[in-house]
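Student: For reference, the structure I am asking about is given below.
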Protein chains: 2
Amino acid sequence: MPKVTCEISMSLDGFIAGPNDKPGNGLGDGGERLHEWVTALESWRERHNLSGGEAGRDSELLEESFKNAGAVLVGRRMFDNAEEWGDDPPFRVPVFVVTHRPREKLVKEGATTFTFVDGVEQALDQARAAAGAKDVSVGGGATVIQQLMKAGLLDELQIHLAPVFLGGGRPLFEDMGQMELECTRVIESPAVTHLRYRPRR
Amino acid sequence: MPKVTCEISMSLDGFIAGPNDKPGNGLGDGGERLHEWVTALESWRERHNLSGGEAGRDSELLEESFKNAGAVLVGRRMFDNAEEWGDDPPFRVPVFVVTHRPREKLVKEGATTFTFVDGVEQALDQARAAAGAKDVSVGGGATVIQQLMKAGLLDELQIHLAPVFLGGGRPLFEDMGQMELECTRVIESPAVTHLRYRPRR
């Protein structure tokens with residue numbers, strides 16, 4: 001049964017981007033520190049057409065997520081960052097962008113397409129259809145993740161918890177209300193702790 | 001070498017007490033959910049003069065912390081809660097309370113004393129002296145923990161991460177600035193994930 005999944009790097013003080021995030025500083029001040037663990041991995045580098053990198057458990061973990069994803073759902077802000085990634089973005093599956101300003105579908109190299117949809121639930125429906133028997137992977141940002149969680153539409157959330165304070169920026173969780181989750185997997189790695197949760201319905 | 005340590009239960013959205021915490025509702029709305037894992041433990045119940053409870057890894061973990069602590073440092077709000085615990089509080093060591101309103105030392109049963117000190121660093125000095133070769137355990141709340149971390153005075157922070165959202169309340173980390181920590185131990189348990197960190201100097 002295909003799932004709606006999300007995995008995202010978060011600082012110990014709860015931020016997924018540092019202060020002052022904006023185009024040109026998409027991760028915010030210090031935010032690159034959240035992603036150091038992943039940009040060093042072989043499987044990440046392969047997706048970004050780079051050679052080398054570290055093999056091992058973290059790399060396999062990421063490769064597993066890439067393989068399970070039949071479609072990706074992102075917010076508009078994340079797409080603005082993705083555009084910087086050029087003509088061969090690392091998704092290699094259909095990407096659905098939640099936006100109030102729909103535009104024509106973009107077709108990139110390597111099987112990545114961007115389809116613009118008004119409304120997070122509408123975008124999810126299209127992503128599910130495109131993913132078929134595979135999972136829909138939610139790429140972020142925080143707003144889209146929060147909307148899906150509050151609507152009970154996220155099946156699995158994996159947090160890569162980085163041992164760092166960013167001191168401010170974009171929090172992953174805001175006004176979530178009270179909710180129970182189940183921790184379904186913990187993987188310790190030198191750079192981050194991988195914590196997988198299933199929201200309880 | 002004795003350490004200054006802190007361990008505290010935190011929700012996945014970063015709160016150590018739920019909304020509306022005040023005397024009579026010290027954990028805030030829903031905040032008891034953070035502590036369910038600990039109040040069920042044999043070692044916690046023994047400290048509170050209750051029989052029974054669960055043995056096992058979590059209970060040993062807590063017992064280890066009790067044994068290592070030669071003195072405890074708490075904020076004034078936490079002391080207000082502690083007073084509800086009656087004549088035989090669970091500390092069983094000297095407790096130093098940071099407060100701008102010093103008062104006479106309180107002597108309770110079971111080796112617990114409360115000494116009131118103006119200023120967190122002054123209180124820490126007295127706690128270190130009282131602890132001798134043992135650790136100083138910081139009981140909270142968030143303000144005291146933040147002050148010690150920002151001053152570089154906390155050697156070890158253990159977060160018991162509960163798989164729950166509280167939706168609001170008292171955040172453990174606020175305006176921490178940018179700081180690196182090292183994750184020194186991860187223990188998975190059914191109810192919480194125990195994450196131990198060492199701030200990097």
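All residue names refer to the structure tokens as shown: chains lettered A, B, ... in order, residues numbered from 1 in each chain, ligands numbered from 1 in order.
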Using only C-alpha atoms, what table do you get, as JSON lines, when you list each residue of chain B with an atom no more than 12 Å from chain A, its nearest pair of atoms, and their distance in Å rounded to one decimal, rows by chain then rising number?
Tutor:
{"residue": "B:Met10", "atom": "CA", "partner": "A:Leu12", "partner_atom": "CA", "distance": 11.0}
{"residue": "B:Ser11", "atom": "CA", "partner": "A:Glu180", "partner_atom": "CA", "distance": 10.0}
{"residue": "B:Leu12", "atom": "CA", "partner": "A:Phe173", "partner_atom": "CA", "distance": 8.5}
{"residue": "B:Asp13", "atom": "CA", "partner": "A:Phe173", "partner_atom": "CA", "distance": 5.7}
{"residue": "B:Gly14", "atom": "CA", "partner": "A:Gly14", "partner_atom": "CA", "distance": 6.8}
{"residue": "B:Phe15", "atom": "CA", "partner": "A:Asp13", "partner_atom": "CA", "distance": 10.3}
{"residue": "B:Gly18", "atom": "CA", "partner": "A:Gln178", "partner_atom": "CA", "distance": 9.2}
{"residue": "B:Pro19", "atom": "CA", "partner": "A:Gln178", "partner_atom": "CA", "distance": 10.2}
{"residue": "B:Asp29", "atom": "CA", "partner": "A:Gln178", "partner_atom": "CA", "distance": 9.4}
{"residue": "B:Gly30", "atom": "CA", "partner": "A:Gln178", "partner_atom": "CA", "distance": 7.6}
{"residue": "B:Gly31", "atom": "CA", "partner": "A:Gln178", "partner_atom": "CA", "distance": 10.0}
{"residue": "B:Arg33", "atom": "CA", "partner": "A:Glu180", "partner_atom": "CA", "distance": 9.3}
{"residue": "B:Leu34", "atom": "CA", "partner": "A:Glu180", "partner_atom": "CA", "distance": 10.9}
{"residue": "B:Gln146", "atom": "CA", "partner": "A:Asp13", "partner_atom": "CA", "distance": 11.5}
{"residue": "B:Met149", "atom": "CA", "partner": "A:Phe165", "partner_atom": "CA", "distance": 11.2}
{"residue": "B:Lys150", "atom": "CA", "partner": "A:Phe165", "partner_atom": "CA", "distance": 11.2}
{"residue": "B:Leu157", "atom": "CA", "partner": "A:Pro163", "partner_atom": "CA", "distance": 11.4}
{"residue": "B:Gln158", "atom": "CA", "partner": "A:Leu12", "partner_atom": "CA", "distance": 11.9}
{"residue": "B:Ile159", "atom": "CA", "partner": "A:Leu12", "partner_atom": "CA", "distance": 10.0}
{"residue": "B:Leu161", "atom": "CA", "partner": "A:Cys183", "partner_atom": "CA", "distance": 10.0}
{"residue": "B:Ala162", "atom": "CA", "partner": "A:Leu181", "partner_atom": "CA", "distance": 8.8}
{"residue": "B:Pro163", "atom": "CA", "partner": "A:Leu181", "partner_atom": "CA", "distance": 5.1}
{"residue": "B:Val164", "atom": "CA", "partner": "A:Glu180", "partner_atom": "CA", "distance": 4.5}
{"residue": "B:Phe165", "atom": "CA", "partner": "A:Gln178", "partner_atom": "CA", "distance": 5.0}
{"residue": "B:Leu166", "atom": "CA", "partner": "A:Gln178", "partner_atom": "CA", "distance": 4.6}
{"residue": "B:Gly167", "atom": "CA", "partner": "A:Gly177", "partner_atom": "CA", "distance": 4.0}
{"residue": "B:Gly168", "atom": "CA", "partner": "A:Asp175", "partner_atom": "CA", "distance": 6.4}
{"residue": "B:Gly169", "atom": "CA", "partner": "A:Asp175", "partner_atom": "CA", "distance": 10.2}
{"residue": "B:Pro171", "atom": "CA", "partner": "A:Asp13", "partner_atom": "CA", "distance": 9.1}
{"residue": "B:Leu172", "atom": "CA", "partner": "A:Asp13", "partner_atom": "CA", "distance": 8.1}
{"residue": "B:Phe173", "atom": "CA", "partner": "A:Asp13", "partner_atom": "CA", "distance": 5.7}
{"residue": "B:Glu174", "atom": "CA", "partner": "A:Gly167", "partner_atom": "CA", "distance": 7.1}
{"residue": "B:Asp175", "atom": "CA", "partner": "A:Gly167", "partner_atom": "CA", "distance": 4.9}
{"residue": "B:Met176", "atom": "CA", "partner": "A:Gly167", "partner_atom": "CA", "distance": 4.7}
{"residue": "B:Gly177", "atom": "CA", "partner": "A:Gly167", "partner_atom": "CA", "distance": 4.0}
{"residue": "B:Gln178", "atom": "CA", "partner": "A:Leu166", "partner_atom": "CA", "distance": 4.7}
{"residue": "B:Met179", "atom": "CA", "partner": "A:Phe165", "partner_atom": "CA", "distance": 5.0}
{"residue": "B:Glu180", "atom": "CA", "partner": "A:Val164", "partner_atom": "CA", "distance": 4.6}
{"residue": "B:Leu181", "atom": "CA", "partner": "A:Pro163", "partner_atom": "CA", "distance": 5.1}
{"residue": "B:Glu182", "atom": "CA", "partner": "A:Pro163", "partner_atom": "CA", "distance": 6.0}
{"residue": "B:Cys183", "atom": "CA", "partner": "A:Pro163", "partner_atom": "CA", "distance": 6.3}
{"residue": "B:Thr184", "atom": "CA", "partner": "A:Pro190", "partner_atom": "CA", "distance": 9.0}
{"residue": "B:Arg185", "atom": "CA", "partner": "A:Glu188", "partner_atom": "CA", "distance": 8.5}
{"residue": "B:Val186", "atom": "CA", "partner": "A:Glu188", "partner_atom": "CA", "distance": 6.6}
{"residue": "B:Ile187", "atom": "CA", "partner": "A:Val186", "partner_atom": "CA", "distance": 8.7}
{"residue": "B:Glu188", "atom": "CA", "partner": "A:Val186", "partner_atom": "CA", "distance": 6.5}
{"residue": "B:Ser189", "atom": "CA", "partner": "A:Cys183", "partner_atom": "CA", "distance": 9.2}
{"residue": "B:Pro190", "atom": "CA", "partner": "A:Cys183", "partner_atom": "CA", "distance": 7.7}
{"residue": "B:Ala191", "atom": "CA", "partner": "A:Cys183", "partner_atom": "CA", "distance": 8.1}
{"residue": "B:Val192", "atom": "CA", "partner": "A:Cys183", "partner_atom": "CA", "distance": 8.0}
{"residue": "B:Thr193", "atom": "CA", "partner": "A:Val186", "partner_atom": "CA", "distance": 8.1}
{"residue": "B:His194", "atom": "CA", "partner": "A:Val186", "partner_atom": "CA", "distance": 10.5}
{"residue": "B:Leu195", "atom": "CA", "partner": "A:Thr193", "partner_atom": "CA", "distance": 8.9}
{"residue": "B:Arg196", "atom": "CA", "partner": "A:Pro163", "partner_atom": "CA", "distance": 10.0}
{"residue": "B:Tyr197", "atom": "CA", "partner": "A:Pro163", "partner_atom": "CA", "distance": 7.7}
{"residue": "B:Arg198", "atom": "CA", "partner": "A:Pro163", "partner_atom": "CA", "distance": 9.3}
{"residue": "B:Pro199", "atom": "CA", "partner": "A:Pro163", "partner_atom": "CA", "distance": 9.0}
{"residue": "B:Arg200", "atom": "CA", "partner": "A:Val164", "partner_atom": "CA", "distance": 9.7}
Student: Could you write out, as a VMD selection string, all the residues of stretch 27-98 of chain A that DSSP marks as helix (DSSP H, G or I)?
Tutor: chain A and resid 31 to 34 36 to 39 42 to 47 57 to 68 76 to 83
Student: From a backbone DSSP assignment, name each residue in chain B labelled strand (DSSP E or B), as a PyMOL selection string.
Tutor: chain B and resi 4-11+15-17+22+25+41+54+69-75+94-98+106-107+113-117+135-140+156-162+164-165+170-171+179-188+193-199
Student: Using only C-alpha atoms, determine which residues lie at most 8 Å from B:Ala131, disregarding the query and same-chain residues fewer than 4 positions distant; provide the list as a VMD selection string.
Tutor: chain B and resid 69 to 71 127 135 to 136
Student: Restrict the selected residues to C-alpha atoms and save them as an mmCIF file, in the first residue's frame.
Tutor:
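What ended up in again_1.cif:
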data_model
loop_
_atom_site.group_PDB
_atom_site.id
_atom_site.type_symbol
_atom_site.label_atom_id
_atom_site.label_comp_id
_atom_site.auth_asym_id
_atom_site.auth_seq_id
_atom_site.Cartn_x
_atom_site.Cartn_y
_atom_site.Cartn_z
ATOM 1 C CA ALA B 69 23.636 13.485 41.344
ATOM 2 C CA GLY B 70 25.245 15.017 44.430
ATOM 3 C CA ALA B 71 23.207 18.194 44.238
ATOM 4 C CA ALA B 127 25.658 23.235 44.080
ATOM 5 C CA ASP B 135 27.479 15.621 39.414
ATOM 6 C CA VAL B 136 25.215 18.622 39.644
#
Student: What would you get as a PDB file with C-alpha atoms, in the first residue's frame if chain B were moved onto chain A by least squares over all of its C-alpha atoms in order?
Tutor:
ATOM      1  CA  MET B   1       0.029  -0.010   0.008  1.00  0.00           C
ATOM      2  CA  PRO B   2       1.605   3.264  -1.087  1.00  0.00           C
ATOM      3  CA  LYS B   3       2.252   5.826   1.632  1.00  0.00           C
ATOM      4  CA  VAL B   4       2.571   9.567   1.914  1.00  0.00           C
ATOM      5  CA  THR B   5       5.977  10.089   3.465  1.00  0.00           C
ATOM      6  CA  CYS B   6       8.170  12.987   4.426  1.00  0.00           C
ATOM      7  CA  GLU B   7      11.737  13.177   5.535  1.00  0.00           C
ATOM      8  CA  ILE B   8      13.443  16.331   6.557  1.00  0.00           C
ATOM      9  CA  SER B   9      16.486  17.572   8.462  1.00  0.00           C
ATOM     10  CA  MET B  10      15.738  19.547  11.616  1.00  0.00           C
ATOM     11  CA  SER B  11      17.923  21.284  14.173  1.00  0.00           C
ATOM     12  CA  LEU B  12      17.685  20.367  17.841  1.00  0.00           C
ATOM     13  CA  ASP B  13      15.886  23.663  18.425  1.00  0.00           C
ATOM     14  CA  GLY B  14      13.305  22.738  15.790  1.00  0.00           C
ATOM     15  CA  PHE B  15      14.254  24.633  12.641  1.00  0.00           C
ATOM     16  CA  ILE B  16      14.457  23.355   9.071  1.00  0.00           C
ATOM     17  CA  ALA B  17      16.048  26.594   7.820  1.00  0.00           C
ATOM     18  CA  GLY B  18      18.096  29.197   9.651  1.00  0.00           C
ATOM     19  CA  PRO B  19      17.279  32.889  10.060  1.00  0.00           C
ATOM     20  CA  ASN B  20      16.843  35.097   6.961  1.00  0.00           C
ATOM     21  CA  ASP B  21      15.944  32.387   4.463  1.00  0.00           C
ATOM     22  CA  LYS B  22      15.129  33.844   1.041  1.00  0.00           C
ATOM     23  CA  PRO B  23      16.031  33.247  -2.598  1.00  0.00           C
ATOM     24  CA  GLY B  24      19.811  33.067  -2.753  1.00  0.00           C
ATOM     25  CA  ASN B  25      19.920  32.041   0.939  1.00  0.00           C
ATOM     26  CA  GLY B  26      17.368  29.235   0.736  1.00  0.00           C
ATOM     27  CA  LEU B  27      18.603  27.383   3.816  1.00  0.00           C
ATOM     28  CA  GLY B  28      18.884  30.537   5.913  1.00  0.00           C
ATOM     29  CA  ASP B  29      21.916  31.575   7.961  1.00  0.00           C
ATOM     30  CA  GLY B  30      23.739  28.465   9.138  1.00  0.00           C
ATOM     31  CA  GLY B  31      21.096  26.198   7.579  1.00  0.00           C
ATOM     32  CA  GLU B  32      23.631  24.341   5.443  1.00  0.00           C
ATOM     33  CA  ARG B  33      24.738  22.789   8.741  1.00  0.00           C
ATOM     34  CA  LEU B  34      21.504  20.734   8.717  1.00  0.00           C
ATOM     35  CA  HIS B  35      22.387  19.142   5.408  1.00  0.00           C
ATOM     36  CA  GLU B  36      26.099  18.470   5.713  1.00  0.00           C
ATOM     37  CA  TRP B  37      25.374  14.835   6.560  1.00  0.00           C
ATOM     38  CA  VAL B  38      23.427  14.314   3.326  1.00  0.00           C
ATOM     39  CA  THR B  39      25.489  16.270   0.825  1.00  0.00           C
ATOM     40  CA  ALA B  40      28.466  14.054   1.712  1.00  0.00           C
ATOM     41  CA  LEU B  41      26.634  10.849   0.760  1.00  0.00           C
ATOM     42  CA  GLU B  42      27.292   8.808  -2.360  1.00  0.00           C
ATOM     43  CA  SER B  43      23.561   8.365  -3.118  1.00  0.00           C
ATOM     44  CA  TRP B  44      22.884  12.101  -2.797  1.00  0.00           C
ATOM     45  CA  ARG B  45      25.870  12.966  -4.977  1.00  0.00           C
ATOM     46  CA  GLU B  46      24.823  10.466  -7.646  1.00  0.00           C
ATOM     47  CA  ARG B  47      21.403  12.182  -7.809  1.00  0.00           C
ATOM     48  CA  HIS B  48      23.144  15.495  -8.294  1.00  0.00           C
ATOM     49  CA  ASN B  49      25.442  14.126 -11.004  1.00  0.00           C
ATOM     50  CA  LEU B  50      28.465  14.271  -8.742  1.00  0.00           C
ATOM     51  CA  SER B  51      30.925  11.430  -8.262  1.00  0.00           C
ATOM     52  CA  GLY B  52      32.349  10.044  -5.030  1.00  0.00           C
ATOM     53  CA  GLY B  53      30.895  10.445  -1.569  1.00  0.00           C
ATOM     54  CA  GLU B  54      30.374   8.212   1.429  1.00  0.00           C
ATOM     55  CA  ALA B  55      28.749   4.798   1.111  1.00  0.00           C
ATOM     56  CA  GLY B  56      27.245   3.049   4.163  1.00  0.00           C
ATOM     57  CA  ARG B  57      24.063   3.099   6.188  1.00  0.00           C
ATOM     58  CA  ASP B  58      23.133   6.768   5.706  1.00  0.00           C
ATOM     59  CA  SER B  59      23.645   6.524   1.967  1.00  0.00           C
ATOM     60  CA  GLU B  60      21.529   3.353   1.761  1.00  0.00           C
ATOM     61  CA  LEU B  61      18.805   5.035   3.814  1.00  0.00           C
ATOM     62  CA  LEU B  62      18.614   7.882   1.345  1.00  0.00           C
ATOM     63  CA  GLU B  63      18.794   5.575  -1.670  1.00  0.00           C
ATOM     64  CA  GLU B  64      15.850   3.610  -0.209  1.00  0.00           C
ATOM     65  CA  SER B  65      13.796   6.813  -0.016  1.00  0.00           C
ATOM     66  CA  PHE B  66      14.666   7.764  -3.579  1.00  0.00           C
ATOM     67  CA  LYS B  67      13.614   4.298  -4.783  1.00  0.00           C
ATOM     68  CA  ASN B  68      10.298   4.289  -2.929  1.00  0.00           C
ATOM     69  CA  ALA B  69       9.169   7.664  -4.241  1.00  0.00           C
ATOM     70  CA  GLY B  70       6.933   7.611  -7.317  1.00  0.00           C
ATOM     71  CA  ALA B  71       6.080  11.286  -7.084  1.00  0.00           C
ATOM     72  CA  VAL B  72       7.099  14.282  -5.014  1.00  0.00           C
ATOM     73  CA  LEU B  73       4.993  17.028  -3.446  1.00  0.00           C
ATOM     74  CA  VAL B  74       6.567  20.386  -2.588  1.00  0.00           C
ATOM     75  CA  GLY B  75       5.558  23.895  -1.640  1.00  0.00           C
ATOM     76  CA  ARG B  76       6.158  26.861  -3.868  1.00  0.00           C
ATOM     77  CA  ARG B  77       9.127  28.158  -1.902  1.00  0.00           C
ATOM     78  CA  MET B  78      10.908  24.845  -2.288  1.00  0.00           C
ATOM     79  CA  PHE B  79      10.257  24.914  -6.003  1.00  0.00           C
ATOM     80  CA  ASP B  80      11.876  28.337  -6.197  1.00  0.00           C
ATOM     81  CA  ASN B  81      14.979  26.741  -4.739  1.00  0.00           C
ATOM     82  CA  ALA B  82      14.669  23.721  -7.035  1.00  0.00           C
ATOM     83  CA  GLU B  83      14.817  25.939 -10.084  1.00  0.00           C
ATOM     84  CA  GLU B  84      18.392  26.743  -9.134  1.00  0.00           C
ATOM     85  CA  TRP B  85      19.209  23.079  -9.555  1.00  0.00           C
ATOM     86  CA  GLY B  86      19.196  23.511 -13.315  1.00  0.00           C
ATOM     87  CA  ASP B  87      18.021  21.344 -16.173  1.00  0.00           C
ATOM     88  CA  ASP B  88      18.457  17.956 -14.485  1.00  0.00           C
ATOM     89  CA  PRO B  89      16.893  18.199 -11.011  1.00  0.00           C
ATOM     90  CA  PRO B  90      17.491  15.303  -8.604  1.00  0.00           C
ATOM     91  CA  PHE B  91      13.834  14.222  -8.330  1.00  0.00           C
ATOM     92  CA  ARG B  92      13.615  12.076 -11.508  1.00  0.00           C
ATOM     93  CA  VAL B  93       9.874  11.621 -10.936  1.00  0.00           C
ATOM     94  CA  PRO B  94       6.850  13.890 -11.386  1.00  0.00           C
ATOM     95  CA  VAL B  95       6.879  16.740  -8.890  1.00  0.00           C
ATOM     96  CA  PHE B  96       3.678  18.531  -7.846  1.00  0.00           C
ATOM     97  CA  VAL B  97       4.053  22.090  -6.627  1.00  0.00           C
ATOM     98  CA  VAL B  98       1.399  23.615  -4.353  1.00  0.00           C
ATOM     99  CA  THR B  99       0.870  27.202  -5.442  1.00  0.00           C
ATOM    100  CA  HIS B 100      -1.833  29.817  -5.751  1.00  0.00           C
ATOM    101  CA  ARG B 101      -0.215  30.915  -9.013  1.00  0.00           C
ATOM    102  CA  PRO B 102      -0.572  27.965 -11.395  1.00  0.00           C
ATOM    103  CA  ARG B 103       1.533  27.981 -14.539  1.00  0.00           C
ATOM    104  CA  GLU B 104       2.318  25.587 -17.355  1.00  0.00           C
ATOM    105  CA  LYS B 105       3.871  22.222 -16.616  1.00  0.00           C
ATOM    106  CA  LEU B 106       7.662  22.179 -16.835  1.00  0.00           C
ATOM    107  CA  VAL B 107       9.450  19.180 -18.308  1.00  0.00           C
ATOM    108  CA  LYS B 108      13.066  18.742 -17.284  1.00  0.00           C
ATOM    109  CA  GLU B 109      15.718  16.140 -18.082  1.00  0.00           C
ATOM    110  CA  GLY B 110      15.885  12.809 -16.273  1.00  0.00           C
ATOM    111  CA  ALA B 111      12.115  12.266 -15.881  1.00  0.00           C
ATOM    112  CA  THR B 112      11.578  15.265 -13.589  1.00  0.00           C
ATOM    113  CA  THR B 113       8.438  17.242 -14.371  1.00  0.00           C
ATOM    114  CA  PHE B 114       6.897  20.087 -12.381  1.00  0.00           C
ATOM    115  CA  THR B 115       3.100  20.372 -12.291  1.00  0.00           C
ATOM    116  CA  PHE B 116       1.579  23.376 -10.522  1.00  0.00           C
ATOM    117  CA  VAL B 117      -1.583  22.798  -8.518  1.00  0.00           C
ATOM    118  CA  ASP B 118      -3.690  25.147  -6.424  1.00  0.00           C
ATOM    119  CA  GLY B 119      -4.415  23.479  -3.065  1.00  0.00           C
ATOM    120  CA  VAL B 120      -2.415  20.947  -1.073  1.00  0.00           C
ATOM    121  CA  GLU B 121      -5.067  18.215  -1.134  1.00  0.00           C
ATOM    122  CA  GLN B 122      -5.576  18.614  -4.882  1.00  0.00           C
ATOM    123  CA  ALA B 123      -1.816  18.408  -5.417  1.00  0.00           C
ATOM    124  CA  LEU B 124      -1.678  15.286  -3.244  1.00  0.00           C
ATOM    125  CA  ASP B 125      -4.427  13.620  -5.275  1.00  0.00           C
ATOM    126  CA  GLN B 126      -2.497  14.216  -8.482  1.00  0.00           C
ATOM    127  CA  ALA B 127       0.761  13.046  -6.881  1.00  0.00           C
ATOM    128  CA  ARG B 128      -0.884   9.815  -5.663  1.00  0.00           C
ATOM    129  CA  ALA B 129      -2.192   9.132  -9.148  1.00  0.00           C
ATOM    130  CA  ALA B 130       1.228   9.751 -10.680  1.00  0.00           C
ATOM    131  CA  ALA B 131       3.008   7.613  -8.073  1.00  0.00           C
ATOM    132  CA  GLY B 132       0.834   4.573  -8.742  1.00  0.00           C
ATOM    133  CA  ALA B 133       2.088   1.718  -6.540  1.00  0.00           C
ATOM    134  CA  LYS B 134       4.900   3.826  -5.124  1.00  0.00           C
ATOM    135  CA  ASP B 135       4.967   6.382  -2.303  1.00  0.00           C
ATOM    136  CA  VAL B 136       4.396  10.100  -2.493  1.00  0.00           C
ATOM    137  CA  SER B 137       7.374  11.846  -0.911  1.00  0.00           C
ATOM    138  CA  VAL B 138       6.684  15.274   0.570  1.00  0.00           C
ATOM    139  CA  GLY B 139       9.759  17.436   0.092  1.00  0.00           C
ATOM    140  CA  GLY B 140       8.581  20.353   2.233  1.00  0.00           C
ATOM    141  CA  GLY B 141       8.562  23.075   3.260  1.00  0.00           C
ATOM    142  CA  ALA B 142       7.143  23.357   6.726  1.00  0.00           C
ATOM    143  CA  THR B 143       3.798  24.790   5.645  1.00  0.00           C
ATOM    144  CA  VAL B 144       2.966  21.873   3.350  1.00  0.00           C
ATOM    145  CA  ILE B 145       4.101  19.333   5.954  1.00  0.00           C
ATOM    146  CA  GLN B 146       2.011  20.992   8.663  1.00  0.00           C
ATOM    147  CA  GLN B 147      -1.051  21.168   6.422  1.00  0.00           C
ATOM    148  CA  LEU B 148      -0.810  17.466   5.569  1.00  0.00           C
ATOM    149  CA  MET B 149      -0.231  16.407   9.175  1.00  0.00           C
ATOM    150  CA  LYS B 150      -3.135  18.471  10.479  1.00  0.00           C
ATOM    151  CA  ALA B 151      -5.380  16.998   7.780  1.00  0.00           C
ATOM    152  CA  GLY B 152      -4.295  13.475   8.773  1.00  0.00           C
ATOM    153  CA  LEU B 153      -2.796  12.875   5.325  1.00  0.00           C
ATOM    154  CA  LEU B 154       0.806  12.088   6.247  1.00  0.00           C
ATOM    155  CA  ASP B 155       1.530   8.402   6.909  1.00  0.00           C
ATOM    156  CA  GLU B 156       5.162   8.644   7.892  1.00  0.00           C
ATOM    157  CA  LEU B 157       7.500  11.406   9.025  1.00  0.00           C
ATOM    158  CA  GLN B 158      11.227  10.883   9.255  1.00  0.00           C
ATOM    159  CA  ILE B 159      13.218  13.564  11.024  1.00  0.00           C
ATOM    160  CA  HIS B 160      16.965  13.708  10.582  1.00  0.00           C
ATOM    161  CA  LEU B 161      17.794  15.431  13.857  1.00  0.00           C
ATOM    162  CA  ALA B 162      21.012  17.433  13.580  1.00  0.00           C
ATOM    163  CA  PRO B 163      22.921  18.207  16.804  1.00  0.00           C
ATOM    164  CA  VAL B 164      22.957  21.929  16.255  1.00  0.00           C
ATOM    165  CA  PHE B 165      21.056  25.035  17.307  1.00  0.00           C
ATOM    166  CA  LEU B 166      20.153  27.512  14.582  1.00  0.00           C
ATOM    167  CA  GLY B 167      18.769  30.062  17.036  1.00  0.00           C
ATOM    168  CA  GLY B 168      15.882  31.043  14.781  1.00  0.00           C
ATOM    169  CA  GLY B 169      14.503  30.574  11.289  1.00  0.00           C
ATOM    170  CA  ARG B 170      11.747  28.391   9.957  1.00  0.00           C
ATOM    171  CA  PRO B 171      10.279  25.962  12.539  1.00  0.00           C
ATOM    172  CA  LEU B 172       9.122  22.549  11.323  1.00  0.00           C
ATOM    173  CA  PHE B 173       6.244  22.460  13.798  1.00  0.00           C
ATOM    174  CA  GLU B 174       4.006  25.406  14.586  1.00  0.00           C
ATOM    175  CA  ASP B 175       0.627  25.367  16.273  1.00  0.00           C
ATOM    176  CA  MET B 176       0.335  21.636  15.708  1.00  0.00           C
ATOM    177  CA  GLY B 177      -2.344  21.163  18.300  1.00  0.00           C
ATOM    178  CA  GLN B 178      -2.101  18.081  20.510  1.00  0.00           C
ATOM    179  CA  MET B 179      -1.338  14.870  18.656  1.00  0.00           C
ATOM    180  CA  GLU B 180       0.113  11.449  19.438  1.00  0.00           C
ATOM    181  CA  LEU B 181       2.667   9.792  17.201  1.00  0.00           C
ATOM    182  CA  GLU B 182       4.366   6.435  17.300  1.00  0.00           C
ATOM    183  CA  CYS B 183       8.133   6.212  16.942  1.00  0.00           C
ATOM    184  CA  THR B 184       8.654   3.346  14.500  1.00  0.00           C
ATOM    185  CA  ARG B 185      12.416   3.427  13.947  1.00  0.00           C
ATOM    186  CA  VAL B 186      15.510   5.073  15.403  1.00  0.00           C
ATOM    187  CA  ILE B 187      18.848   4.949  13.611  1.00  0.00           C
ATOM    188  CA  GLU B 188      21.900   6.475  15.222  1.00  0.00           C
ATOM    189  CA  SER B 189      24.516   7.836  12.883  1.00  0.00           C
ATOM    190  CA  PRO B 190      27.584   9.933  13.635  1.00  0.00           C
ATOM    191  CA  ALA B 191      26.161  13.108  12.101  1.00  0.00           C
ATOM    192  CA  VAL B 192      22.394  12.955  12.731  1.00  0.00           C
ATOM    193  CA  THR B 193      19.796  10.794  14.443  1.00  0.00           C
ATOM    194  CA  HIS B 194      17.162   9.364  12.098  1.00  0.00           C
ATOM    195  CA  LEU B 195      13.791   9.306  13.870  1.00  0.00           C
ATOM    196  CA  ARG B 196      10.815   7.838  12.059  1.00  0.00           C
ATOM    197  CA  TYR B 197       7.269   8.490  13.262  1.00  0.00           C
ATOM    198  CA  ARG B 198       3.759   7.461  12.340  1.00  0.00           C
ATOM    199  CA  PRO B 199       1.026   9.918  13.328  1.00  0.00           C
ATOM    200  CA  ARG B 200      -1.754   8.214  15.284  1.00  0.00           C
ATOM    201  CA  ARG B 201      -5.203   8.666  13.866  1.00  0.00           C
TER     202      ARG B 201
END
